[in-house]
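Colleague: Attaching a single structure in structure tokens format; questions to follow.
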Amino acid sequence: MSIRLPPYPTLLVFLCLAVATGLVTGPAGLGPGDIVEALSGGGDAQSRLILLHIRGPRVMAALLVGAALAVSGGLFQALLRNPLAEPYLLGVSSGAALGAVLAIVTGIAAAAGPALPLAALVGGLAAIAVVFRVARVAGRMDTRVLILAGVVTSAFLSACITLILTLGPEEALRTAYFWTLGSLSGVSWRMNAILAGYAVPAALLAFRLARDLNALSLGEEAAAALGTEVERTKRAAYVLGSLLAASTVAVAGIIGFVGLVVPHAVRILWGSDHRLVLPLSCLAGAGVVAFADALARGPWGVVEIPIGVVTALVGVPFFLILLRRGTAG
Amino acid sequence: MNLGLSGAWLRYPGATDWAMRDVSLEFTPGAHSAILGPNGAGKSTLLRALAGLLECDRGEAYIEGRESRDWPRRELARRMAFVSSTEEGAFPVRVREYVGLGRNPYLGSFSPPGDEDRAVVTSALERTDLQGLAERYVTNLSAGELQRARVARALAQEPAILLLDEPTAHLDIGHEYAVFDLLLQLVAELSLTIVSVTHNINMASRFASRVVLMRAGAVVADGEPETVLTPDHLGTAFDWPVHTVRPEGLGCVALPVGRRPAGQDADR
């Protein structure tokens, strides 16, 4: 490729644009002027309320979810040594979805505010635990078994979801359907704090793995010969990647393509060194989801389209262009 | 006690036969030893046990007096490099980055490579004659260049011991010679202890100062190439009658004789 953008400045500009777009977008019709005024402590009470309690937490959640998903995707691609791996491949999303669906159908979700994300988190973690247990034989984790165990568990859980929704009430079907397509509406600062308290340490620990993930991309034997404790690295990558993905699913439902496309795009633009890929994915993912969320709620009046639809509709063509340019040059 | 095995037995999980049976060897420091033998003789198993990549069921493999499996990988990687011809990268990287992975055992979790690391990588590239290809993608290298890049990566580890599993698989005779010649230089100039597994009897006879001949997990013969590479030993090891020729200054050439051993049908 002929142009080589400096990674960090480029992504920081991208991130700022995404945050600004996220803050000025919404049905309340607040312009950039109102936003600046509200941010500097002025403006009317309603603008401040909208900015501080609706758009602010929502943009923040988009950033956190995007960052966590992209880092998770980068981890899974390195762990499975496959650029097509993504955070939802190994059952996290199906487990979380089953947890959410159970909460919706049983009415627990409607009864208490944080019940839905909590149920989703528990479901996701349970799926991770099952897959991890199956793939670990005699202290070793075979990544081929991991993929198979993950995909099969995922299929089983999806069947359970379908069964429950078929037999359950119709209203639950609609709620569950929209939940699985992902949405950031109604997130609170408190939810953000929980997500951050969980995702930020996990991401930092993931960055620590970068050097060993570089070695692991050559295969387990070569990595061991280069000084990597292979089993420990694989285990850490799997657990951290899964935890990051599970936390995002609990807060925002399922948002596809970010975890697959963002690390891949970063690799095409700035190379395959995970010491760069993971932090850059973190920034790029945050920006992408913030933009996608703005696009999901901006131009459609009172109607919001699911954010997963936006990430797929915009992300995929963009990615295909990048892929062609990347392989051509 | 520098590098070797003592009473080492190894069996793969689920297998009934021993892949390595009662092997005791002490490799010569600062010399190139070649391991020869038929497919399935246990050559690669022996090499991986030495590298601490496989665990012996009985006996042990050791490096600098310590059991290979007991070494923390990071410390071991500063003393010993292992080059396999089968590995394949999952993501596209440039040659300089690829060779730079050899610095991994010296880098902290967050610290980027420093000037010294870059200097070591550059010197490894020069030694393997890859300076001109440093910015190329590894996937675009020829088989011979890729093999040199693997050796360069191993050199970037600044090891005292270099283990190579079929370093010249898929290479033509010229490139094969070049790789063995490079190994000879490394022994001469850096006094590396090299153990290579190879199928090329001629190269082993010319470039190794010691040859270990294996069959069915055990050592059949061990010593200088002239004494080990005889029709008798080779015939036993490969279970096939072998004729050897020694052209002046060109080492030993082993030629299979066109008849199957007694009790089997004649070759067509």
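By convention in this document, the chains of the structure tokens carry letters A, B, ... by their order, each chain's residues are numbered from 1, and ligands are numbered from 1 in the order they are shown.
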Env of Arg144 of chain A: 12 Å cut, atoms = only C-alpha atoms, seq-sep filter 6 positions within chain, self excluded. Answer as JSON, numbers by chain.

Modeller: {"A": [79, 80, 81, 82, 90, 131, 134, 135, 136, 150, 151]}

Colleague: Quick one: DSSP alpha helix (DSSP H) residues in segment 206-261 of chain A, as a VMD selection string?

Modeller: chain A and resid 206 to 208 210 to 216 220 to 225 230 to 252 258 to 261

Colleague: Put those residues in a file: N, CA and C atoms, as a CSV table (one decimal), in the first residue's frame.

Modeller:
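Contents of out_12.csv, freshly written:
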chain,number,residue,atom,x,y,z
A,206,ALA,N,-4.4,-8.3,28.3
A,206,ALA,CA,-4.3,-8.8,27.0
A,206,ALA,C,-3.1,-8.2,26.3
A,207,PHE,N,-2.9,-6.9,26.5
A,207,PHE,CA,-1.7,-6.2,25.8
A,207,PHE,C,-0.4,-6.9,26.3
A,208,ARG,N,-0.4,-7.4,27.5
A,208,ARG,CA,0.8,-8.0,28.1
A,208,ARG,C,1.1,-9.3,27.3
A,210,ALA,N,0.9,-9.7,24.1
A,210,ALA,CA,1.2,-9.4,22.7
A,210,ALA,C,2.5,-10.1,22.2
A,211,ARG,N,3.6,-10.0,23.0
A,211,ARG,CA,4.8,-10.6,22.6
A,211,ARG,C,4.7,-12.1,22.3
A,212,ASP,N,4.0,-12.7,23.3
A,212,ASP,CA,3.9,-14.2,23.2
A,212,ASP,C,2.9,-14.6,22.1
A,213,LEU,N,1.9,-13.7,21.8
A,213,LEU,CA,1.0,-14.0,20.7
A,213,LEU,C,1.7,-13.9,19.4
A,214,ASN,N,2.7,-13.0,19.3
A,214,ASN,CA,3.5,-12.9,18.0
A,214,ASN,C,4.2,-14.3,17.8
A,215,ALA,N,4.8,-14.8,18.8
A,215,ALA,CA,5.5,-16.1,18.7
A,215,ALA,C,4.5,-17.2,18.4
A,216,LEU,N,3.3,-17.1,19.0
A,216,LEU,CA,2.3,-18.2,18.8
A,216,LEU,C,1.8,-18.2,17.4
A,220,GLU,N,2.7,-23.6,17.9
A,220,GLU,CA,3.0,-23.8,19.3
A,220,GLU,C,4.4,-24.2,19.6
A,221,GLU,N,4.9,-25.1,18.7
A,221,GLU,CA,6.3,-25.6,18.9
A,221,GLU,C,7.3,-24.4,18.7
A,222,ALA,N,7.1,-23.7,17.6
A,222,ALA,CA,8.1,-22.5,17.4
A,222,ALA,C,7.9,-21.5,18.5
A,223,ALA,N,6.7,-21.3,19.0
A,223,ALA,CA,6.5,-20.3,20.1
A,223,ALA,C,7.3,-20.8,21.4
A,224,ALA,N,7.2,-22.1,21.7
A,224,ALA,CA,7.8,-22.6,22.9
A,224,ALA,C,9.3,-22.5,22.7
A,225,ALA,N,9.9,-22.7,21.5
A,225,ALA,CA,11.3,-22.6,21.3
A,225,ALA,C,11.7,-21.1,21.4
A,230,VAL,N,3.6,-21.8,26.3
A,230,VAL,CA,2.5,-21.9,25.4
A,230,VAL,C,1.1,-22.1,26.1
A,231,GLU,N,1.1,-23.1,26.9
A,231,GLU,CA,-0.3,-23.4,27.5
A,231,GLU,C,-0.8,-22.2,28.3
A,232,ARG,N,0.1,-21.5,29.1
A,232,ARG,CA,-0.3,-20.4,29.9
A,232,ARG,C,-0.8,-19.3,29.0
A,233,THR,N,-0.1,-19.0,27.9
A,233,THR,CA,-0.5,-18.0,27.0
A,233,THR,C,-1.9,-18.3,26.3
A,234,LYS,N,-2.0,-19.5,25.9
A,234,LYS,CA,-3.3,-19.9,25.2
A,234,LYS,C,-4.5,-19.7,26.2
A,235,ARG,N,-4.2,-20.2,27.5
A,235,ARG,CA,-5.3,-20.1,28.5
A,235,ARG,C,-5.6,-18.7,28.8
A,236,ALA,N,-4.6,-17.8,28.9
A,236,ALA,CA,-4.9,-16.4,29.2
A,236,ALA,C,-5.6,-15.8,28.0
A,237,ALA,N,-5.2,-16.1,26.8
A,237,ALA,CA,-5.8,-15.4,25.7
A,237,ALA,C,-7.3,-15.8,25.6
A,238,TYR,N,-7.6,-17.1,25.8
A,238,TYR,CA,-8.9,-17.6,25.8
A,238,TYR,C,-9.8,-17.0,26.8
A,239,VAL,N,-9.3,-17.0,28.1
A,239,VAL,CA,-10.1,-16.5,29.2
A,239,VAL,C,-10.3,-15.0,29.0
A,240,LEU,N,-9.3,-14.2,28.7
A,240,LEU,CA,-9.4,-12.8,28.6
A,240,LEU,C,-10.3,-12.4,27.4
A,241,GLY,N,-10.1,-13.1,26.2
A,241,GLY,CA,-11.0,-12.8,25.1
A,241,GLY,C,-12.4,-13.1,25.3
A,242,SER,N,-12.7,-14.2,26.0
A,242,SER,CA,-14.1,-14.6,26.4
A,242,SER,C,-14.7,-13.6,27.3
A,243,LEU,N,-13.9,-13.2,28.4
A,243,LEU,CA,-14.5,-12.3,29.4
A,243,LEU,C,-14.8,-11.0,28.7
A,244,LEU,N,-13.9,-10.5,27.8
A,244,LEU,CA,-14.2,-9.2,27.1
A,244,LEU,C,-15.5,-9.3,26.3
A,245,ALA,N,-15.6,-10.4,25.6
A,245,ALA,CA,-16.8,-10.6,24.7
A,245,ALA,C,-18.0,-10.7,25.6
A,246,ALA,N,-18.0,-11.5,26.6
A,246,ALA,CA,-19.1,-11.7,27.5
A,246,ALA,C,-19.6,-10.4,28.1
A,247,SER,N,-18.6,-9.5,28.5
A,247,SER,CA,-19.0,-8.3,29.1
A,247,SER,C,-19.8,-7.4,28.1
A,248,THR,N,-19.3,-7.4,26.9
A,248,THR,CA,-20.0,-6.6,25.9
A,248,THR,C,-21.4,-7.1,25.6
A,249,VAL,N,-21.5,-8.4,25.5
A,249,VAL,CA,-22.8,-9.0,25.2
A,249,VAL,C,-23.8,-8.7,26.3
A,250,ALA,N,-23.4,-8.7,27.5
A,250,ALA,CA,-24.2,-8.4,28.6
A,250,ALA,C,-24.8,-7.0,28.5
A,251,VAL,N,-24.0,-6.1,28.1
A,251,VAL,CA,-24.4,-4.7,28.1
A,251,VAL,C,-25.2,-4.3,26.8
A,252,ALA,N,-24.7,-4.9,25.7
A,252,ALA,CA,-25.2,-4.3,24.4
A,252,ALA,C,-25.8,-5.4,23.5
A,258,VAL,N,-17.6,-6.4,14.3
A,258,VAL,CA,-16.5,-5.5,14.9
A,258,VAL,C,-15.3,-6.3,15.3
A,259,GLY,N,-15.6,-7.4,16.0
A,259,GLY,CA,-14.5,-8.3,16.5
A,259,GLY,C,-13.7,-9.0,15.4
A,260,LEU,N,-14.4,-9.2,14.3
A,260,LEU,CA,-13.7,-9.8,13.1
A,260,LEU,C,-13.0,-8.8,12.3
A,261,VAL,N,-13.7,-7.7,11.9
A,261,VAL,CA,-13.2,-6.8,10.9
A,261,VAL,C,-12.1,-5.8,11.5

Colleague: Could you please tell me, as a ChimeraX atom specification, which residues of chain B have an atom within 9 Å of chain A when using only C-alpha atoms?

Modeller: /B:51-53,72-78,80-84,87-94,97,101-105,107-110,112,154,157

Colleague: Do a neighbour search on segment 168-182 of chain B at 9 Å with only C-alpha atoms, toss out local chain neighbours closer than 6 positions, and write the hits as a list of chain:residue names.

Modeller: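 The neighbour list is B:Ser85, B:Arg127, B:Thr128, B:Ala143, B:Gly144, B:Glu145, B:Gln147, B:Arg148, B:Val151, B:Thr198, B:His199, B:Asn200, B:Met203, B:Ala204, B:Phe207, B:Ala208.
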
Colleague: Write out, as a short mmCIF file (atom, residue, chain, number, x, y, z; two decimals), in the first residue's frame, the residues just selected, with N, CA and C atoms.

Modeller:
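And here is the file that came out, selection_31.cif:
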data_model
loop_
_atom_site.label_atom_id
_atom_site.label_comp_id
_atom_site.auth_asym_id
_atom_site.auth_seq_id
_atom_site.Cartn_x
_atom_site.Cartn_y
_atom_site.Cartn_z
N SER B 85 11.24 -27.24 9.88
CA SER B 85 10.94 -26.83 8.51
C SER B 85 9.44 -26.91 8.22
N ARG B 127 24.48 -12.30 8.33
CA ARG B 127 25.11 -13.60 8.36
C ARG B 127 24.42 -14.60 7.45
N THR B 128 23.11 -14.45 7.30
CA THR B 128 22.35 -15.38 6.46
C THR B 128 22.10 -14.79 5.08
N ALA B 143 11.74 -21.21 -0.98
CA ALA B 143 11.97 -22.18 0.09
C ALA B 143 13.36 -22.01 0.71
N GLY B 144 14.35 -21.74 -0.14
CA GLY B 144 15.71 -21.59 0.36
C GLY B 144 15.86 -20.33 1.21
N GLU B 145 15.25 -19.23 0.74
CA GLU B 145 15.31 -17.98 1.50
C GLU B 145 14.59 -18.11 2.84
N GLN B 147 14.18 -20.79 4.58
CA GLN B 147 14.99 -21.59 5.50
C GLN B 147 16.10 -20.74 6.11
N ARG B 148 16.69 -19.86 5.29
CA ARG B 148 17.73 -18.96 5.83
C ARG B 148 17.12 -18.00 6.84
N VAL B 151 16.83 -19.74 10.09
CA VAL B 151 18.13 -19.82 10.77
C VAL B 151 18.48 -18.44 11.34
N THR B 198 18.57 -34.95 9.42
CA THR B 198 18.54 -34.80 7.96
C THR B 198 18.36 -36.15 7.28
N HIS B 199 17.95 -36.09 6.03
CA HIS B 199 17.88 -37.31 5.22
C HIS B 199 19.02 -37.35 4.21
N ASN B 200 19.82 -36.26 4.20
CA ASN B 200 20.87 -36.21 3.19
C ASN B 200 22.18 -36.77 3.74
N MET B 203 25.41 -34.79 2.57
CA MET B 203 25.65 -33.54 3.30
C MET B 203 26.15 -33.83 4.72
N ALA B 204 25.53 -34.83 5.36
CA ALA B 204 25.94 -35.17 6.72
C ALA B 204 27.40 -35.61 6.73
N PHE B 207 29.57 -32.29 6.13
CA PHE B 207 29.50 -31.10 6.99
C PHE B 207 29.43 -31.40 8.48
N ALA B 208 29.06 -32.63 8.84
CA ALA B 208 28.96 -32.93 10.27
C ALA B 208 30.25 -33.61 10.71
#

Colleague: Any idea what's packed within 10 Å of Glu189 of chain B, counting only C-alpha atoms, ignoring anything in its chain fewer than 5 positions away? Could you give it as a tab-separated table (two decimals) with C-alpha atoms, in the first residue's frame?

Modeller:
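Written output follows (selection06.tsv):
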chain	number	residue	atom	x	y	z
B	30	GLY	CA	31.11	-26.63	19.41
B	183	LEU	CA	25.91	-24.14	9.52
B	184	LEU	CA	29.60	-24.92	9.08

Colleague: Considering only C-alpha atoms, return as a ChimeraX atom specification whatever protein or nucleic-acid residues lie within 10 Å of Asp232 of chain B, sequence-local ones (same chain, fewer than 2 positions apart) excluded.

Modeller: /B:228-230,234-237,241-244

Colleague: Find the residue from B:Val99, B:Ala156, B:Leu36, B:Ala49 that sits nearest to Val212 of chain B; use only C-alpha atoms when measuring.

Modeller: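 Among B:Val99, B:Ala156, B:Leu36, B:Ala49, it is B:Leu36 that comes nearest to Val212 of chain B.
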
Colleague: Take atom CA of Gly42 of chain B and atom CA of Ala218 of chain B and report the distance between them in Å, one decimal.

Modeller: 7.5 Å

Colleague: Taking 6 positions as the minimum chain separation for residues in the same chain, which residues sit within 9 Å of Gly91 of chain A when counting only C-alpha atoms? Answer as a CSV table (one decimal) with N, CA and C atoms, in the first residue's frame.

Modeller:
chain,number,residue,atom,x,y,z
A,124,GLY,N,-23.1,-16.3,29.3
A,124,GLY,CA,-21.9,-16.3,28.6
A,124,GLY,C,-20.7,-17.0,29.3
A,127,ALA,N,-21.1,-20.8,29.3
A,127,ALA,CA,-20.7,-21.4,28.0
A,127,ALA,C,-19.2,-21.4,27.9
A,128,ILE,N,-18.5,-20.4,28.3
A,128,ILE,CA,-17.1,-20.3,28.3
A,128,ILE,C,-16.5,-21.5,29.1
A,131,VAL,N,-17.0,-24.9,27.4
A,131,VAL,CA,-16.1,-25.1,26.2
A,131,VAL,C,-14.6,-25.3,26.7
A,149,ALA,N,-15.4,-27.7,19.9
A,149,ALA,CA,-16.2,-27.7,21.1
A,149,ALA,C,-17.0,-26.4,21.1
A,150,GLY,N,-16.4,-25.3,20.8
A,150,GLY,CA,-17.0,-24.0,20.8
A,150,GLY,C,-18.2,-23.9,19.8
A,151,VAL,N,-17.9,-24.3,18.6
A,151,VAL,CA,-18.9,-24.2,17.5
A,151,VAL,C,-20.1,-25.1,17.8
A,152,VAL,N,-19.8,-26.3,18.3
A,152,VAL,CA,-20.9,-27.3,18.6
A,152,VAL,C,-21.7,-26.8,19.8
A,153,THR,N,-21.0,-26.3,20.9
A,153,THR,CA,-21.7,-25.8,22.0
A,153,THR,C,-22.6,-24.6,21.6
A,154,SER,N,-22.1,-23.8,20.7
A,154,SER,CA,-22.8,-22.6,20.2
A,154,SER,C,-24.1,-23.1,19.5
A,155,ALA,N,-24.0,-24.1,18.7
A,155,ALA,CA,-25.1,-24.7,17.9
A,155,ALA,C,-26.2,-25.2,18.9
A,157,LEU,N,-26.7,-24.4,22.1
A,157,LEU,CA,-27.3,-23.3,22.8
A,157,LEU,C,-28.3,-22.6,21.9

Colleague: Find the spatial neighbours of segment 120-124 of chain B, counting only C-alpha atoms, within a cut-off of 6 Å - ignore same-chain residues fewer than 6 positions away - and output them as a list of chain:residue names.

Modeller: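 Contacts, in chain order: B:Gly100, B:Ala152, B:Leu155, B:Ala156.
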
Colleague: Filtering to N, CA and C atoms, could you give me those residues as a JSON list (two decimals), in the first residue's frame?

Modeller:
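The result, stored in selection.json:
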[["chain", "number", "residue", "atom", "x", "y", "z"],
["B", 100, "GLY", "N", 13.12, -10.80, 13.96],
["B", 100, "GLY", "CA", 13.03, -10.09, 15.24],
["B", 100, "GLY", "C", 12.34, -10.90, 16.32],
["B", 152, "ALA", "N", 18.17, -17.38, 10.58],
["B", 152, "ALA", "CA", 18.46, -16.02, 11.06],
["B", 152, "ALA", "C", 17.67, -15.75, 12.35],
["B", 155, "LEU", "N", 19.38, -17.38, 15.10],
["B", 155, "LEU", "CA", 20.61, -16.68, 15.49],
["B", 155, "LEU", "C", 20.30, -15.44, 16.31],
["B", 156, "ALA", "N", 19.14, -14.81, 16.03],
["B", 156, "ALA", "CA", 18.76, -13.62, 16.79],
["B", 156, "ALA", "C", 18.53, -13.97, 18.26]]

Colleague: Run DSSP on the backbone and grab whatever in segment 74-251 of chain A lands in strand (DSSP E or B); send it over as a PyMOL selection string.

Modeller: chain A and resi 136-137+140-141
